[in-house]
Amino acid sequence: MKQLSRLLVVGLLVLGFNNIQAQDENNPWQISIGVNAIDVYPTNDASAAYPTGTLFSEYFNVNDHWNILPSLSYVSVSKYVGDGFSIGARGSLNRISKLGDVSVDDLSHYAVDGTIKYNLRKNAKLDPFIEVGGGYTWVDEIGAGTVNGGLGLNYWFTDFIGLTVQSSYKHAFEDYGVKHFQHMAGVSIRFGGTDTDGDGIYDKDDACPEVAGLEAFNGCPDSDGDGIEDSKDSCPNQAGPAEMNGCPDSDGDGVADKDDACPNEAGLPALAGCPDADGDGVADKDDDCPSEAGPAANGGCPWPDTDGDGVLDKDDQCPDVAGTVANNGCPEVTEEVQKQLNEYARTILFDTGKASLKTESVSVFVDIIKILNEYPNAKFTVEGHTDSVGSEKLNQQLSEKRANSVRDFLIKEGIAADRLTAVGYGESRPIASNNTRAGRTQNRRVEINLVK
């Protein structure tokens with residue numbers, strides 16, 4: 001029996017060391033190793049072969065009543081199963097020399113117990129518990145079953161190592177069994193949690209269980225060490241402030257380098273972090289005139305006014321000729337110019353009864369074309385008129401042909417076709433009497449009038 005008991009205790013030790021893992025939600029296993037003391041005096045056992053005291057009397061009388069084996073004398077293993085409960089087994093050995101107030105020859109003491117433990121506080125440094133269970137105890141080769149109940153306390157120095165003290169009452173059912181108190185003190189180790197990435201945070205509580213990280217971020221990494229976890233860091237490999245979502249801002253302009261088109265020059269957020277020296281809304285790098293404000297449509301340069309007439313070239317229909325704002329930058333045809341133009345036009349000569357121009361009229365066309373070119377945006381109507389000699393129908397046709405003949409000549413000489421229209425009025429608009437030769441001569445005319 002002694003050899004069997006020893007084998008049981010050794011087996012428990014081996015079991016404990018081979019299953020070193022841990023004991024709470026994260027560390028479900030706990031192993032405790034230490035010394036135990038046996039005290040039969042305060043059990044109030046009236047049936048004992050040797051006198052003992054009343055229940056709990058001289059409970060702390062170490063010198064007179066406690067049996068202590070000066071070596072490691074117990075080992076326990078338990079596994080956390082949830083809601084504060086753990087189940088386990090314990091093996092212990094001792095030598096009995098004090099049986100109450102009576103000294104006896106050294107009696108061997110072996111015990112194997114099953115335990116159910118309830119921790120009163122979860123994941124606390126100071127960890128009290130209640131324990132119940134049952135087992136079998138041999139005293140000098142006489143064995144008896146027991147039912148056990150006790151209190152204990154764990155004090156955890158770290159998450160894994162602590163000190164355990166406990167006291168249990170073990171009640172033997174057989175008459176020959178020895179009822180007794182067993183006190184224990186030892187070192188406990190908790191372990192067994194899974195930490196895949198080895199960052200010290202168990203997978204159960206690790207938001208990034210496969211990537212080593214920091215406790216502050218629930219096990220998630222902060223690769224650049226800027227205090228922002230990678231999953232919330234827009235630049236996880238470059239340190240940056242929180243206001244930049246973890247991205248650097250080299251020029252301090254409030255635009256992160258990754259979004260900054262000019263990362264080494266402080267600029268404006270609206271211009272992707274680039275400066276705008278002249279404040280025209282065009283970034284200096286895109287501004288053809290960075291020191292002079294101008295619209296983006298003109299490359300950041302001010303619009304020119306080549307002719308200095310107060311109308312910008314972009315709006316000036318006559319950018320090389322000074323004009324008026326009212327006439328879109330082009331010069332306006334005055335009454336004097338209109339009068340001069342018609343004085344020239346009335347000297348245009350045609351072959352008798354025809355629409356063909358006489359060669360001597362070429363010189364006057366030079367003066368007409370010069371005037372028309374001075375007003376490049378002005379439009380004119382070439383009007384043909386006749387006297388009353390002949391039929392009205394023939395006169396109408398002749399006036400139209402002569403007006404078109406003048407228009408065609410001017411177009412041929414470079415006047416834009418869309419600036420000229422031709423119309424014939426026949427004999428309907430005389431400016432003198434058709435009853436005299438001089439009057440009829442004045443009525444046979446061409447006029448070039450401004451379209452208003």
# chains A, B, ... in the order shown; residues from 1 in each chain; ligands from 1

$ closest_atom_pairs --of "range 265-349 of chain A" --to "range 377-400 of chain A" --cutoff "10 Å" --atoms "only C-alpha atoms" --output "Markdown table"
| residue | atom | partner | partner_atom | distance |
| --- | --- | --- | --- | --- |
| A:Gln317 | CA | A:Asn377 | CA | 6.8 |
| A:Cys318 | CA | A:Asn377 | CA | 7.2 |
| A:Asn327 | CA | A:Asn377 | CA | 8.6 |
| A:Asn328 | CA | A:Asn377 | CA | 8.8 |
| A:Gly329 | CA | A:Asn377 | CA | 9.4 |
| A:Cys330 | CA | A:Asn377 | CA | 6.6 |
| A:Pro331 | CA | A:Asn377 | CA | 8.5 |
| A:Glu332 | CA | A:Ala378 | CA | 7.9 |
| A:Val333 | CA | A:Ala378 | CA | 7.7 |
| A:Ala345 | CA | A:Val382 | CA | 9.2 |

$ write_last_selection --atoms "N, CA, C and O atoms" --output "mmCIF file, in the first residue's frame"
data_model
loop_
_atom_site.group_PDB
_atom_site.id
_atom_site.type_symbol
_atom_site.label_atom_id
_atom_site.label_comp_id
_atom_site.auth_asym_id
_atom_site.auth_seq_id
_atom_site.Cartn_x
_atom_site.Cartn_y
_atom_site.Cartn_z
ATOM 1 N N GLN A 317 -12.973 92.017 -79.300
ATOM 2 C CA GLN A 317 -13.124 91.540 -80.675
ATOM 3 C C GLN A 317 -12.136 92.200 -81.621
ATOM 4 O O GLN A 317 -11.960 91.756 -82.761
ATOM 5 N N CYS A 318 -11.496 93.254 -81.106
ATOM 6 C CA CYS A 318 -10.464 93.936 -81.900
ATOM 7 C C CYS A 318 -9.255 94.150 -80.988
ATOM 8 O O CYS A 318 -8.961 95.281 -80.578
ATOM 9 N N ASN A 327 -18.566 98.653 -77.624
ATOM 10 C CA ASN A 327 -18.453 97.992 -78.931
ATOM 11 C C ASN A 327 -17.491 96.811 -78.861
ATOM 12 O O ASN A 327 -16.820 96.493 -79.840
ATOM 13 N N ASN A 328 -17.416 96.182 -77.623
ATOM 14 C CA ASN A 328 -16.590 94.980 -77.438
ATOM 15 C C ASN A 328 -15.127 95.193 -77.809
ATOM 16 O O ASN A 328 -14.474 94.307 -78.359
ATOM 17 N N GLY A 329 -14.629 96.393 -77.516
ATOM 18 C CA GLY A 329 -13.216 96.666 -77.744
ATOM 19 C C GLY A 329 -12.876 97.108 -79.153
ATOM 20 O O GLY A 329 -11.701 97.315 -79.462
ATOM 21 N N CYS A 330 -13.855 97.237 -79.980
ATOM 22 C CA CYS A 330 -13.610 97.680 -81.358
ATOM 23 C C CYS A 330 -14.012 99.153 -81.491
ATOM 24 O O CYS A 330 -14.891 99.642 -80.772
ATOM 25 N N PRO A 331 -13.370 99.857 -82.404
ATOM 26 C CA PRO A 331 -13.731 101.261 -82.613
ATOM 27 C C PRO A 331 -15.143 101.376 -83.191
ATOM 28 O O PRO A 331 -15.596 100.494 -83.931
ATOM 29 N N GLU A 332 -15.826 102.441 -82.857
ATOM 30 C CA GLU A 332 -17.187 102.652 -83.354
ATOM 31 C C GLU A 332 -17.175 103.562 -84.584
ATOM 32 O O GLU A 332 -16.404 104.521 -84.672
ATOM 33 N N VAL A 333 -18.029 103.247 -85.521
ATOM 34 C CA VAL A 333 -18.142 104.042 -86.752
ATOM 35 C C VAL A 333 -18.923 105.323 -86.429
ATOM 36 O O VAL A 333 -20.095 105.256 -86.045
ATOM 37 N N ALA A 345 -18.213 105.854 -101.742
ATOM 38 C CA ALA A 345 -19.037 104.857 -102.420
ATOM 39 C C ALA A 345 -19.790 105.456 -103.601
ATOM 40 O O ALA A 345 -19.995 104.791 -104.634
#

$ residues_around --residues "Ser167 in chain A" --least-positions-apart "2" --cutoff "6 Å" --atoms "only C-alpha atoms" --output "ChimeraX atom specification"
/A:150-151,182-183

$ residues_around --residues "Pro248 in chain A" --least-positions-apart "4" --cutoff "8 Å" --atoms "only C-alpha atoms" --output "list in words"
Cys235, Gln238, Ala239, Gly240, Pro241, Met244, Ala256 and Asp257 of chain A

$ residues_around --residues "Gly34 in chain A" --least-positions-apart "6" --cutoff "7 Å" --atoms "only C-alpha atoms" --output "PyMOL selection string"
chain A and resi 72-75+185-187

$ write_last_selection --atoms "N, CA, C and O atoms" --output "short mmCIF file (atom, residue, chain, number, x, y, z; two decimals), in the first residue's frame"
data_model
loop_
_atom_site.label_atom_id
_atom_site.label_comp_id
_atom_site.auth_asym_id
_atom_site.auth_seq_id
_atom_site.Cartn_x
_atom_site.Cartn_y
_atom_site.Cartn_z
N LEU A 72 8.81 19.10 0.04
CA LEU A 72 7.62 19.23 -0.79
C LEU A 72 6.73 18.03 -0.54
O LEU A 72 7.16 16.87 -0.71
N SER A 73 5.51 18.31 -0.12
CA SER A 73 4.67 17.19 0.33
C SER A 73 3.27 17.19 -0.27
O SER A 73 2.43 16.39 0.13
N TYR A 74 2.99 18.10 -1.18
CA TYR A 74 1.71 17.99 -1.89
C TYR A 74 1.85 18.61 -3.28
O TYR A 74 2.69 19.49 -3.53
N VAL A 75 1.04 18.13 -4.20
CA VAL A 75 0.93 18.71 -5.54
C VAL A 75 -0.54 18.63 -5.94
O VAL A 75 -1.21 17.63 -5.65
N ALA A 185 0.45 25.16 2.08
CA ALA A 185 1.01 26.42 1.58
C ALA A 185 2.00 26.06 0.46
O ALA A 185 2.82 25.14 0.64
N GLY A 186 1.90 26.76 -0.65
CA GLY A 186 2.79 26.41 -1.75
C GLY A 186 2.80 27.46 -2.84
O GLY A 186 2.12 28.49 -2.77
N VAL A 187 3.58 27.16 -3.83
CA VAL A 187 3.69 28.03 -5.01
C VAL A 187 2.75 27.51 -6.09
O VAL A 187 2.69 26.30 -6.34
#

$ closest_residue --among "A:Ala355, A:Val132, A:Ala416, A:Cys208" --to "Tyr375 in chain A" --atoms "only C-alpha atoms"
A:Ala416

$ atom_distance --atom1 "CA of Leu410 in chain A" --atom2 "CA of Ser356 in chain A"
13.8 Å

$ atom_distance --atom1 "CA of Asp175 in chain A" --atom2 "CA of Ala49 in chain A"
9.9 Å

$ closest_residue --among "A:Asp195, A:Leu153, A:Asn36, A:Val62" --to "Arg95 in chain A" --atoms "only C-alpha atoms"
A:Asn36

$ select_by_dssp --residues "range 294-399 of chain A" --states "strand (DSSP E)" --output "PyMOL selection string"
chain A and resi 380-385

$ residues_around --residues "Gln442 in chain A" --least-positions-apart "4" --cutoff "10 Å" --atoms "only C-alpha atoms" --output "list in words"
Arg346, His385, Thr386, Asp387, Pro430, Ile431, Ala432, Ser433, Asn434, Arg437, Ala438 and Val446 of chain A

$ residues_around --residues "Asp127 in chain A" --least-positions-apart "5" --cutoff "9 Å" --atoms "only C-alpha atoms" --output "list in words"
Asn119, Leu120, Arg121, Lys122, Gly152, Leu153, Asn154, Tyr155 and Trp156 of chain A

$ atom_distance --atom1 "CA of Val337 in chain A" --atom2 "CA of Asn373 in chain A"
12.4 Å

$ residues_around --residues "Lys258 in chain A" --least-positions-apart "3" --cutoff "9 Å" --atoms "only C-alpha atoms" --output "list in words"
Cys235, Cys247, Pro248, Asp249, Val255, Ala261 and Pro263 of chain A

$ select_by_dssp --residues "range 193-413 of chain A" --states "helix (DSSP H, G or I)" --output "number ranges by chain"
A: 203-205, 215-217, 230-232, 242-244, 257-259, 269-271, 284-286, 296-298, 335-345, 359-374, 392-412
